[in-house]
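> Structure in structure tokens, see below.
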Amino acid sequence: MKLHRVILLVSLLLLSPIAAGQTAPLSGNVTDPSGGIVPGAEVVVRNIETGAVYKSQTDGNGAFIVPALGVGTYSVTVTYPGFKQAVADKIKIDVGVPTHVELKLEVGSQAEAVTVEAAGAILQTQSATVSTTLTGRQIVDLPLVSRDALDLVLFLPNVNTPGRPRSSTVDGLPKGAINITIDGLNVQDNLLKSSDGYFTYIRPRLDAIQEVTVSTATAGADSTGEGAVQIKFVTRGGTNDYRGSIYEYHRNPVLNSNYWFNNRDLPPDASGKAPRARVLLNQFGFRVGGPISVPKLFSGKNRLFFFVNYEEYRLPEQTLRNRTILNPLTQAGDFRYNSSSGVRTVNLLTLAAANGQTSTPDPIIAKLLADIRSASASAGSISQLSDPNLQRATFINRGGQWRRFPTARIDYIITPKHSLEFTYNYQDFAGLVDFLNGTDPAFPGFPNSGSQGSNRWSGVVALRSTLASRIVNELRGGMMGGVTLFNPEASPGSFSGPVANQGGFSLAISAAGLTNAYVVTNPSRRSTPVKQLMDNLTITTGRHNLSMGGSYTQVYNWSKSKVLVPNITFGVDAIDPAESIFTAANFPGSSNTDLTNARNIYAVLTGRVNGINANASSAKTAPPIPTSAPTSGAIASASRACTSRTIGGSALNSP
């Protein structure tokens, strides 16, 4: 069976008005000097960059059409006996945007030609789609620090960005209304599309993109049903000429002024000035494209082309962090609060001893608080907060990111009627700590931290075939995938080592208003692969252009998460005997807020447990604990009770 018959059969099987093409039609009218129509004129449309040729002929109304052309720059040559050739040059075809051109023949020899610049002759009257396209120099010349081509769309009308670029919306529509494709393939993180729709899993790089078209209203049938707002990227392709570039973008901290809060909060270093959060950014790469040729054996001109782009991103980074720690006096048991007669002090441990309650600090928590103070004093500054029990530790955390973005594309003109394209992206993300999600160490030198890394890839194959002079089909398929790892280096060992030992638990000392000593408790991984198959059939009959086709999209989500250690929360429960000591009589002039703060600080200092959360399993049912059992006690005793049973009336979570 001939190739075009197979393609036509597949097209009919996929027939549905929701295809996703990467082409656009070119139409025109040919008239003589008096304005009369010229039927039967020969029309040759040529891709200026690749040499691909498409032929047509004017009909009885002097009109012609080439139903589906790929993105690029074209010329149109019209010949008719007794007239000079008419040439419209530099006609730009953008994805999904129909183009129309008017040509007028002049009497003379066909050996002569009249050439017009098409920029002034192109009219767009065939589609109601509201769209904007950025191409060529517009893409590479716009100043983007990120070099992420998606940020180009931020410059277009009706795009609202209230914060970071990922917070953007278009036309005020929900983020789920946005559909972003590269070469027709959906490249969004589809797990988060409803909440984080302006974000791509595969990042389009500036030098790898030929154009981006944004359709915001009345999209045609060649747009999928996956979103009212279509953002379509097209990867660069090779041409008959070898072209390339090499580049580096560099940001050096020598040229940066210091952060105002660094000057306020950090002590001077050896230079006599407050240390700066060092940001050293390097983005470098190259691109090259042209015909694939073997000297004396094969020439790829007008037939076989390649394009390669490689970009690397390196960012050694530092970030200023502010953490809340206990005042040393409070750490020793002195609770201070403001009253009408000034600052009052009540030693919580002494008060507890006088009432028969736990009056010594829990050894694990005492060591943890000592480690926090030592780490805070070693790498930054400590200042007093308005709450006399709390202080602020200020220091600079260090990290780094590196990313790699290789892109490749192959275009093959098999015959004048059939062409094949293949695009592949592979992107590698890695880092030391994840500042974005706040998983850098809670305090300098603390072992619990996490990073974010991923390897991402996408591949697209498309076959475009001219089945007849006015029938063009595009069959396109693609896949996207990769795995994202969140905090893979985090382990239970970071909760029981020599520094920041928490006894094998994650201790929520934040009950006392402090910053917890941990930042990661549940490392995870996820993958949301996408498979798509699309077919778009374009048929022209008379003055009508009919597009039809279908698309199949399959999205999976795979995820895995684990909890490293049980979590312990602290507090003085309502049925705890220690509750009786927190009265206005024992804290003269105190407010309800002061009493609550006193309870929480006492609970943290003495390791008074009011909840344990963990994932556990047991081969047999554990004996119950009476619901009247106190919800307090040292961490050592709490660890012995951490089984699949009820503690203080709260059941542990079972898998």
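Within each chain, counting starts at residue 1; across the structure tokens, chains are named A, B, ... in the order shown, with ligands numbered 1 upward in that order.
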Using only C-alpha atoms, which protein or nucleic acid residues come within 6 Å of stretch 212-215 of chain A? Drop anything in the same chain fewer than 4 positions from it, and give the result as JSON, numbers by chain.

{"A": [130, 131, 132, 133, 134, 229, 230, 231, 232, 233]}

> Those same residues, written as an mmCIF file, in the first residue's frame with N, CA and C atoms?


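Result saved to result-v1.cif:
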data_model
loop_
_atom_site.group_PDB
_atom_site.id
_atom_site.type_symbol
_atom_site.label_atom_id
_atom_site.label_comp_id
_atom_site.auth_asym_id
_atom_site.auth_seq_id
_atom_site.Cartn_x
_atom_site.Cartn_y
_atom_site.Cartn_z
ATOM 1 N N VAL A 130 -7.357 35.161 17.938
ATOM 2 C CA VAL A 130 -6.581 36.282 18.468
ATOM 3 C C VAL A 130 -5.241 35.737 18.936
ATOM 4 N N SER A 131 -4.166 36.118 18.256
ATOM 5 C CA SER A 131 -2.858 35.542 18.572
ATOM 6 C C SER A 131 -1.753 36.567 18.368
ATOM 7 N N THR A 132 -0.633 36.299 19.008
ATOM 8 C CA THR A 132 0.573 37.109 18.886
ATOM 9 C C THR A 132 1.753 36.170 18.742
ATOM 10 N N THR A 133 2.691 36.525 17.865
ATOM 11 C CA THR A 133 3.848 35.678 17.619
ATOM 12 C C THR A 133 5.130 36.467 17.819
ATOM 13 N N LEU A 134 6.081 35.859 18.541
ATOM 14 C CA LEU A 134 7.428 36.408 18.678
ATOM 15 C C LEU A 134 8.382 35.489 17.930
ATOM 16 N N VAL A 229 -6.182 28.988 26.356
ATOM 17 C CA VAL A 229 -5.005 29.783 26.008
ATOM 18 C C VAL A 229 -3.933 28.821 25.508
ATOM 19 N N GLN A 230 -3.524 28.995 24.255
ATOM 20 C CA GLN A 230 -2.539 28.119 23.645
ATOM 21 C C GLN A 230 -1.203 28.857 23.512
ATOM 22 N N ILE A 231 -0.157 28.326 24.154
ATOM 23 C CA ILE A 231 1.199 28.867 24.022
ATOM 24 C C ILE A 231 2.014 27.811 23.293
ATOM 25 N N LYS A 232 2.371 28.115 22.035
ATOM 26 C CA LYS A 232 2.999 27.115 21.168
ATOM 27 C C LYS A 232 4.432 27.526 20.839
ATOM 28 N N PHE A 233 5.383 26.695 21.258
ATOM 29 C CA PHE A 233 6.788 26.909 20.928
ATOM 30 C C PHE A 233 7.182 26.005 19.773
#

> Compile the contact shell of A:Ala177 as a ChimeraX atom specification: residues with an atom at most 8 Å away, counting only C-alpha atoms, same-chain residues fewer than 3 positions apart removed.

/A:173-174,197,226-229

> Generate the output file for the selected residues, all heavy atoms, as a short mmCIF file (atom, residue, chain, number, x, y, z; two decimals), in the first residue's frame.


data_model
loop_
_atom_site.label_atom_id
_atom_site.label_comp_id
_atom_site.auth_asym_id
_atom_site.auth_seq_id
_atom_site.Cartn_x
_atom_site.Cartn_y
_atom_site.Cartn_z
N LEU A 173 -7.96 34.19 33.17
CA LEU A 173 -8.50 32.83 33.21
C LEU A 173 -7.76 31.98 34.24
O LEU A 173 -6.62 32.27 34.60
CB LEU A 173 -8.38 32.18 31.83
CG LEU A 173 -9.22 32.82 30.71
CD1 LEU A 173 -8.85 32.21 29.37
CD2 LEU A 173 -10.71 32.62 30.99
N PRO A 174 -8.39 30.92 34.73
CA PRO A 174 -7.69 30.01 35.65
C PRO A 174 -6.46 29.41 35.00
O PRO A 174 -6.37 29.29 33.77
CB PRO A 174 -8.74 28.93 35.96
CG PRO A 174 -10.05 29.55 35.59
CD PRO A 174 -9.78 30.51 34.48
N GLY A 197 -0.26 26.27 36.36
CA GLY A 197 -0.35 26.05 34.93
C GLY A 197 0.67 26.79 34.11
O GLY A 197 1.04 26.35 33.01
N GLU A 226 -7.20 21.09 25.29
CA GLU A 226 -6.57 21.08 26.60
C GLU A 226 -6.43 22.47 27.22
O GLU A 226 -5.87 22.60 28.30
CB GLU A 226 -5.21 20.40 26.52
CG GLU A 226 -5.32 18.94 26.12
CD GLU A 226 -3.96 18.27 26.02
OE1 GLU A 226 -2.99 18.79 26.58
OE2 GLU A 226 -3.88 17.23 25.35
N GLY A 227 -6.92 23.50 26.54
CA GLY A 227 -6.81 24.83 27.14
C GLY A 227 -7.31 25.92 26.23
O GLY A 227 -7.15 25.85 25.00
N ALA A 228 -7.93 26.94 26.82
CA ALA A 228 -8.42 28.07 26.04
C ALA A 228 -7.28 28.98 25.59
O ALA A 228 -7.39 29.67 24.58
CB ALA A 228 -9.42 28.88 26.87
N VAL A 229 -6.18 28.99 26.36
CA VAL A 229 -5.01 29.78 26.01
C VAL A 229 -3.93 28.82 25.51
O VAL A 229 -3.49 27.93 26.23
CB VAL A 229 -4.49 30.58 27.23
CG1 VAL A 229 -3.21 31.32 26.87
CG2 VAL A 229 -5.55 31.53 27.74
#

> From a DSSP calculation on the backbone, collect every residue of stretch 396-590 of chain A in strand (DSSP E) and output the set as an NGL selection string.

:A and (396-415 or 418-431 or 452-468 or 471-486 or 506-508 or 524-527 or 530-541 or 544-555 or 558-561 or 567-570)

> Near stretch 238-251 of chain A, within 6 Å and counting only C-alpha atoms, which residues show up once chain neighbours fewer than 4 positions away are dropped, as a ChimeraX atom specification?

/A:49-50,280-291,301,305-307

> Take the residues just selected and output them with all heavy atoms as a compact mmCIF listing (two decimals), in the first residue's frame.


# COMPACT_ATOMS: atom_id res chain seq x y z
N GLU A 49 14.80 28.85 3.49
CA GLU A 49 15.88 28.34 4.33
C GLU A 49 16.25 26.90 4.03
O GLU A 49 17.41 26.50 4.17
CB GLU A 49 15.48 28.48 5.80
CG GLU A 49 15.33 29.94 6.22
CD GLU A 49 14.47 30.11 7.46
OE1 GLU A 49 13.61 29.24 7.69
OE2 GLU A 49 14.65 31.10 8.17
N THR A 50 15.27 26.08 3.61
CA THR A 50 15.56 24.66 3.39
C THR A 50 15.45 24.24 1.93
O THR A 50 15.87 23.13 1.58
CB THR A 50 14.60 23.78 4.20
OG1 THR A 50 13.26 23.94 3.72
CG2 THR A 50 14.66 24.15 5.68
N LEU A 280 27.06 34.06 42.08
CA LEU A 280 27.92 34.01 40.90
C LEU A 280 27.20 33.18 39.85
O LEU A 280 27.08 31.96 39.97
CB LEU A 280 29.27 33.37 41.26
CG LEU A 280 30.25 33.16 40.10
CD1 LEU A 280 30.66 34.49 39.50
CD2 LEU A 280 31.48 32.39 40.57
N LEU A 281 26.71 33.84 38.81
CA LEU A 281 25.87 33.17 37.81
C LEU A 281 26.62 33.05 36.49
O LEU A 281 27.15 34.04 35.97
CB LEU A 281 24.57 33.95 37.60
CG LEU A 281 23.65 33.46 36.48
CD1 LEU A 281 23.18 32.04 36.75
CD2 LEU A 281 22.46 34.40 36.32
N ASN A 282 26.65 31.85 35.96
CA ASN A 282 27.21 31.60 34.63
C ASN A 282 26.20 30.82 33.80
O ASN A 282 25.74 29.75 34.22
CB ASN A 282 28.51 30.79 34.73
CG ASN A 282 29.72 31.66 34.99
OD1 ASN A 282 30.15 32.41 34.13
ND2 ASN A 282 30.25 31.57 36.19
N GLN A 283 25.86 31.35 32.64
CA GLN A 283 25.04 30.64 31.68
C GLN A 283 25.78 30.68 30.35
O GLN A 283 26.07 31.76 29.83
CB GLN A 283 23.66 31.29 31.53
CG GLN A 283 22.84 31.25 32.81
CD GLN A 283 21.48 31.90 32.61
OE1 GLN A 283 20.50 31.27 32.27
NE2 GLN A 283 21.42 33.20 32.84
N PHE A 284 26.09 29.53 29.81
CA PHE A 284 26.88 29.49 28.59
C PHE A 284 26.41 28.35 27.71
O PHE A 284 25.76 27.40 28.18
CB PHE A 284 28.37 29.35 28.91
CG PHE A 284 28.70 28.15 29.75
CD1 PHE A 284 29.01 26.94 29.16
CD2 PHE A 284 28.69 28.24 31.14
CE1 PHE A 284 29.32 25.83 29.93
CE2 PHE A 284 29.00 27.14 31.92
CZ PHE A 284 29.31 25.93 31.32
N GLY A 285 26.74 28.43 26.44
CA GLY A 285 26.33 27.38 25.53
C GLY A 285 26.65 27.72 24.09
O GLY A 285 27.34 28.69 23.79
N PHE A 286 26.10 26.91 23.20
CA PHE A 286 26.32 27.12 21.76
C PHE A 286 25.13 26.55 21.01
O PHE A 286 24.36 25.73 21.53
CB PHE A 286 27.60 26.45 21.30
CG PHE A 286 27.54 24.94 21.31
CD1 PHE A 286 27.11 24.21 20.20
CD2 PHE A 286 27.90 24.23 22.46
CE1 PHE A 286 27.03 22.83 20.23
CE2 PHE A 286 27.82 22.84 22.50
CZ PHE A 286 27.39 22.15 21.38
N ARG A 287 24.98 26.97 19.78
CA ARG A 287 24.01 26.37 18.87
C ARG A 287 24.62 26.30 17.48
O ARG A 287 25.41 27.17 17.10
CB ARG A 287 22.69 27.14 18.84
CG ARG A 287 22.78 28.58 18.38
CD ARG A 287 21.40 29.21 18.34
NE ARG A 287 21.44 30.65 18.18
CZ ARG A 287 21.49 31.29 17.02
NH1 ARG A 287 21.52 30.59 15.89
NH2 ARG A 287 21.52 32.60 16.98
N VAL A 288 24.25 25.27 16.73
CA VAL A 288 24.75 25.11 15.38
C VAL A 288 23.71 24.33 14.58
O VAL A 288 23.03 23.44 15.11
CB VAL A 288 26.12 24.40 15.37
CG1 VAL A 288 26.01 23.00 15.96
CG2 VAL A 288 26.70 24.33 13.97
N GLY A 289 23.58 24.67 13.30
CA GLY A 289 22.64 23.97 12.44
C GLY A 289 23.05 24.09 10.99
O GLY A 289 23.79 25.01 10.61
N GLY A 290 22.56 23.18 10.18
CA GLY A 290 22.87 23.21 8.76
C GLY A 290 22.52 21.90 8.11
O GLY A 290 21.89 21.02 8.72
N PRO A 291 22.93 21.71 6.86
CA PRO A 291 22.65 20.45 6.17
C PRO A 291 23.58 19.34 6.67
O PRO A 291 24.71 19.58 7.07
CB PRO A 291 22.94 20.79 4.70
CG PRO A 291 23.95 21.90 4.77
CD PRO A 291 23.60 22.69 6.00
N LYS A 301 21.86 19.31 1.33
CA LYS A 301 21.19 20.55 0.96
C LYS A 301 19.85 20.25 0.30
O LYS A 301 19.72 19.34 -0.52
CB LYS A 301 22.08 21.37 0.03
CG LYS A 301 23.22 22.07 0.76
CD LYS A 301 23.84 23.15 -0.09
CE LYS A 301 24.87 23.95 0.72
NZ LYS A 301 25.43 25.07 -0.05
N PHE A 305 18.60 18.06 7.32
CA PHE A 305 19.13 19.16 8.11
C PHE A 305 19.20 18.75 9.59
O PHE A 305 18.45 17.90 10.06
CB PHE A 305 18.23 20.40 7.99
CG PHE A 305 17.91 20.76 6.56
CD1 PHE A 305 16.76 20.27 5.96
CD2 PHE A 305 18.75 21.57 5.83
CE1 PHE A 305 16.46 20.59 4.66
CE2 PHE A 305 18.45 21.90 4.52
CZ PHE A 305 17.30 21.41 3.93
N PHE A 306 20.11 19.42 10.32
CA PHE A 306 20.23 19.18 11.75
C PHE A 306 20.31 20.52 12.48
O PHE A 306 20.67 21.55 11.92
CB PHE A 306 21.49 18.36 12.07
CG PHE A 306 22.76 19.18 12.06
CD1 PHE A 306 23.29 19.69 13.24
CD2 PHE A 306 23.41 19.47 10.86
CE1 PHE A 306 24.45 20.46 13.23
CE2 PHE A 306 24.58 20.23 10.84
CZ PHE A 306 25.10 20.73 12.03
N PHE A 307 19.95 20.46 13.75
CA PHE A 307 20.13 21.62 14.64
C PHE A 307 20.43 21.09 16.04
O PHE A 307 19.78 20.15 16.51
CB PHE A 307 18.88 22.50 14.69
CG PHE A 307 18.96 23.58 15.73
CD1 PHE A 307 19.65 24.75 15.49
CD2 PHE A 307 18.37 23.41 16.99
CE1 PHE A 307 19.75 25.74 16.45
CE2 PHE A 307 18.46 24.39 17.96
CZ PHE A 307 19.15 25.56 17.69

> As a compact mmCIF listing (two decimals) with N, CA, C and O atoms, in the first residue's frame, please: the residues near A:Ala393 (cut-off 10 Å, only C-alpha atoms, same-chain neighbours under 5 positions excluded).


# COMPACT_ATOMS: atom_id res chain seq x y z
N ASP A 265 22.24 43.24 60.09
CA ASP A 265 22.18 42.11 61.01
C ASP A 265 23.49 41.35 61.18
O ASP A 265 23.64 40.62 62.17
N LEU A 266 24.42 41.46 60.24
CA LEU A 266 25.62 40.64 60.31
C LEU A 266 26.83 41.45 60.76
O LEU A 266 27.00 42.60 60.34
N ARG A 321 19.52 33.88 56.05
CA ARG A 321 18.45 33.23 56.80
C ARG A 321 18.33 33.83 58.20
O ARG A 321 19.33 34.16 58.84
N ASN A 322 17.09 33.99 58.65
CA ASN A 322 16.79 34.43 60.00
C ASN A 322 16.05 33.30 60.72
O ASN A 322 15.03 32.81 60.22
N ARG A 323 16.56 32.86 61.87
CA ARG A 323 15.93 31.81 62.65
C ARG A 323 15.65 32.34 64.06
O ARG A 323 16.33 33.25 64.54
N THR A 324 14.67 31.74 64.70
CA THR A 324 14.30 32.15 66.06
C THR A 324 14.81 31.11 67.05
O THR A 324 14.56 29.91 66.90
N ILE A 325 15.55 31.59 68.08
CA ILE A 325 16.11 30.71 69.09
C ILE A 325 15.74 31.25 70.48
O ILE A 325 15.24 32.37 70.61
N LEU A 326 16.00 30.45 71.52
CA LEU A 326 15.68 30.87 72.88
C LEU A 326 16.76 31.80 73.43
O LEU A 326 17.95 31.63 73.14
N ILE A 372 21.96 24.39 68.84
CA ILE A 372 21.39 25.50 68.07
C ILE A 372 22.10 26.81 68.40
O ILE A 372 22.48 27.59 67.52
N ARG A 373 22.33 27.06 69.70
CA ARG A 373 23.00 28.30 70.09
C ARG A 373 24.44 28.32 69.61
O ARG A 373 24.94 29.33 69.12
N ALA A 375 25.78 26.73 67.02
CA ALA A 375 25.82 26.89 65.57
C ALA A 375 25.48 28.32 65.16
O ALA A 375 26.09 28.89 64.26
N SER A 376 24.49 28.92 65.83
CA SER A 376 24.08 30.29 65.50
C SER A 376 25.18 31.29 65.80
O SER A 376 25.40 32.25 65.04
N ALA A 377 25.91 31.08 66.90
CA ALA A 377 26.97 32.01 67.28
C ALA A 377 28.21 31.85 66.41
O ALA A 377 29.01 32.79 66.28
N ALA A 379 28.46 31.27 63.08
CA ALA A 379 28.44 31.65 61.66
C ALA A 379 27.60 32.88 61.36
O ALA A 379 27.27 33.11 60.21
N GLY A 380 27.24 33.66 62.34
CA GLY A 380 26.42 34.84 62.06
C GLY A 380 26.32 35.72 63.27
O GLY A 380 27.28 35.91 64.02
N SER A 381 25.14 36.26 63.48
CA SER A 381 24.93 37.15 64.62
C SER A 381 23.64 36.76 65.32
O SER A 381 22.75 36.12 64.75
N ILE A 382 23.53 37.18 66.58
CA ILE A 382 22.34 36.92 67.39
C ILE A 382 21.87 38.25 67.96
O ILE A 382 22.66 39.02 68.52
N SER A 383 20.59 38.53 67.82
CA SER A 383 20.03 39.78 68.33
C SER A 383 18.74 39.49 69.07
O SER A 383 18.05 38.49 68.81
N GLN A 384 18.40 40.37 70.00
CA GLN A 384 17.22 40.19 70.84
C GLN A 384 15.96 40.62 70.10
O GLN A 384 15.95 41.65 69.41
N PHE A 443 20.08 25.37 60.70
CA PHE A 443 21.15 26.13 61.35
C PHE A 443 22.48 25.69 60.75
O PHE A 443 22.59 24.57 60.24
N THR A 515 12.48 28.07 65.83
CA THR A 515 12.65 27.40 64.54
C THR A 515 13.04 25.96 64.79
O THR A 515 13.96 25.68 65.56

> To one decimal place in Å, what is the distance between atom CA of A:Ile365 and atom CA of A:Phe435?

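Going from atom CA of A:Ile365 over to atom CA of A:Phe435, I get 26.8 Å.
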
> What's around A:Gly400 at 9 Å? Count only C-alpha atoms, leave out sequence neighbours fewer than 2 positions away in its own chain, and write the answer as number ranges by chain.

A: 314-318, 398, 402, 430-434

> Just want the 6 Å neighbourhood of stretch 474-491 of chain A, counted on only C-alpha atoms, with same-chain residues fewer than 6 positions away dropped. Output as a list in words.

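Contacts, with the query itself left out: Gly450, Ser451, Gln452, Gly453, Ser454, Asn455, Arg456, Trp457, Ser458, Gly459, Val460, Val461, Ala462, Leu463, Arg464, Pro523, Ser524, Arg525, Arg526, Ser527, Pro529, Val530, Lys531, Gln532, Leu533, Met534, Asp535 and Asn536 of chain A.
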
> Could you pull the residues within 6 Å of stretch 499-507 of chain A, counting only C-alpha atoms, minus those fewer than 5 positions along the same chain, as a PyMOL selection string?

chain A and resi 368+565-568

> Could you take the residues named above and write them with N, CA, C and O atoms, as an mmCIF file, in the first residue's frame?


data_model
loop_
_atom_site.group_PDB
_atom_site.id
_atom_site.type_symbol
_atom_site.label_atom_id
_atom_site.label_comp_id
_atom_site.auth_asym_id
_atom_site.auth_seq_id
_atom_site.Cartn_x
_atom_site.Cartn_y
_atom_site.Cartn_z
ATOM 1 N N LEU A 368 20.081 19.687 72.251
ATOM 2 C CA LEU A 368 19.668 20.250 70.974
ATOM 3 C C LEU A 368 19.676 21.773 71.024
ATOM 4 O O LEU A 368 20.177 22.433 70.104
ATOM 5 N N VAL A 565 11.122 9.668 60.231
ATOM 6 C CA VAL A 565 11.053 9.362 61.669
ATOM 7 C C VAL A 565 9.711 9.847 62.210
ATOM 8 O O VAL A 565 9.064 10.717 61.609
ATOM 9 N N PRO A 566 9.275 9.327 63.357
ATOM 10 C CA PRO A 566 8.053 9.854 63.974
ATOM 11 C C PRO A 566 8.240 11.311 64.387
ATOM 12 O O PRO A 566 9.352 11.767 64.672
ATOM 13 N N ASN A 567 7.136 12.014 64.432
ATOM 14 C CA ASN A 567 7.145 13.419 64.840
ATOM 15 C C ASN A 567 6.547 13.551 66.236
ATOM 16 O O ASN A 567 5.519 12.950 66.546
ATOM 17 N N ILE A 568 7.215 14.348 67.064
ATOM 18 C CA ILE A 568 6.727 14.591 68.425
ATOM 19 C C ILE A 568 6.388 16.065 68.575
ATOM 20 O O ILE A 568 7.184 16.939 68.216
#

> Could you jot down the atom CA of A:Tyr337 to atom CA of A:Glu579 separation for me, Å, one decimal place?

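Taking atom CA of A:Tyr337 and atom CA of A:Glu579, their separation equals 18.6 Å.
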
> Would you please give, as number ranges by chain, all residues of stretch 457-568 of chain A that DSSP assigns to helix (DSSP H, G or I) based on the backbone?

A: 492-495, 509-512

> Residues of the last selection are to be written out with N, CA and C atoms, as a PDB file, in the first residue's frame.


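Output file selection_11.pdb is given in full below:
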ATOM      1  N   PRO A 492      17.145   8.932  58.182  1.00  0.00           N
ATOM      2  CA  PRO A 492      16.878   8.926  59.628  1.00  0.00           C
ATOM      3  C   PRO A 492      18.107   9.270  60.458  1.00  0.00           C
ATOM      4  N   GLY A 493      19.305   9.004  59.892  1.00  0.00           N
ATOM      5  CA  GLY A 493      20.518   9.287  60.640  1.00  0.00           C
ATOM      6  C   GLY A 493      20.703  10.748  61.003  1.00  0.00           C
ATOM      7  N   SER A 494      20.085  11.660  60.243  1.00  0.00           N
ATOM      8  CA  SER A 494      20.241  13.087  60.544  1.00  0.00           C
ATOM      9  C   SER A 494      19.456  13.499  61.783  1.00  0.00           C
ATOM     10  N   PHE A 495      18.679  12.582  62.359  1.00  0.00           N
ATOM     11  CA  PHE A 495      17.910  12.876  63.569  1.00  0.00           C
ATOM     12  C   PHE A 495      18.523  12.241  64.819  1.00  0.00           C
ATOM     13  N   ILE A 509       9.967  21.674  68.289  1.00  0.00           N
ATOM     14  CA  ILE A 509      10.217  22.702  69.305  1.00  0.00           C
ATOM     15  C   ILE A 509       9.608  24.039  68.902  1.00  0.00           C
ATOM     16  N   SER A 510       9.018  24.095  67.719  1.00  0.00           N
ATOM     17  CA  SER A 510       8.329  25.321  67.282  1.00  0.00           C
ATOM     18  C   SER A 510       7.162  25.662  68.201  1.00  0.00           C
ATOM     19  N   ALA A 511       6.738  24.718  69.053  1.00  0.00           N
ATOM     20  CA  ALA A 511       5.672  25.016  70.016  1.00  0.00           C
ATOM     21  C   ALA A 511       6.062  26.168  70.921  1.00  0.00           C
ATOM     22  N   ALA A 512       7.371  26.335  71.150  1.00  0.00           N
ATOM     23  CA  ALA A 512       7.857  27.422  72.005  1.00  0.00           C
ATOM     24  C   ALA A 512       8.164  28.677  71.200  1.00  0.00           C
TER      25      ALA A 512
END

> In terms of the shortest atom-to-atom distance over only C-alpha atoms, which of A:Asp334, A:Asp594, A:Glu106, A:Asp362 is closest to A:Thr350?

A:Asp334
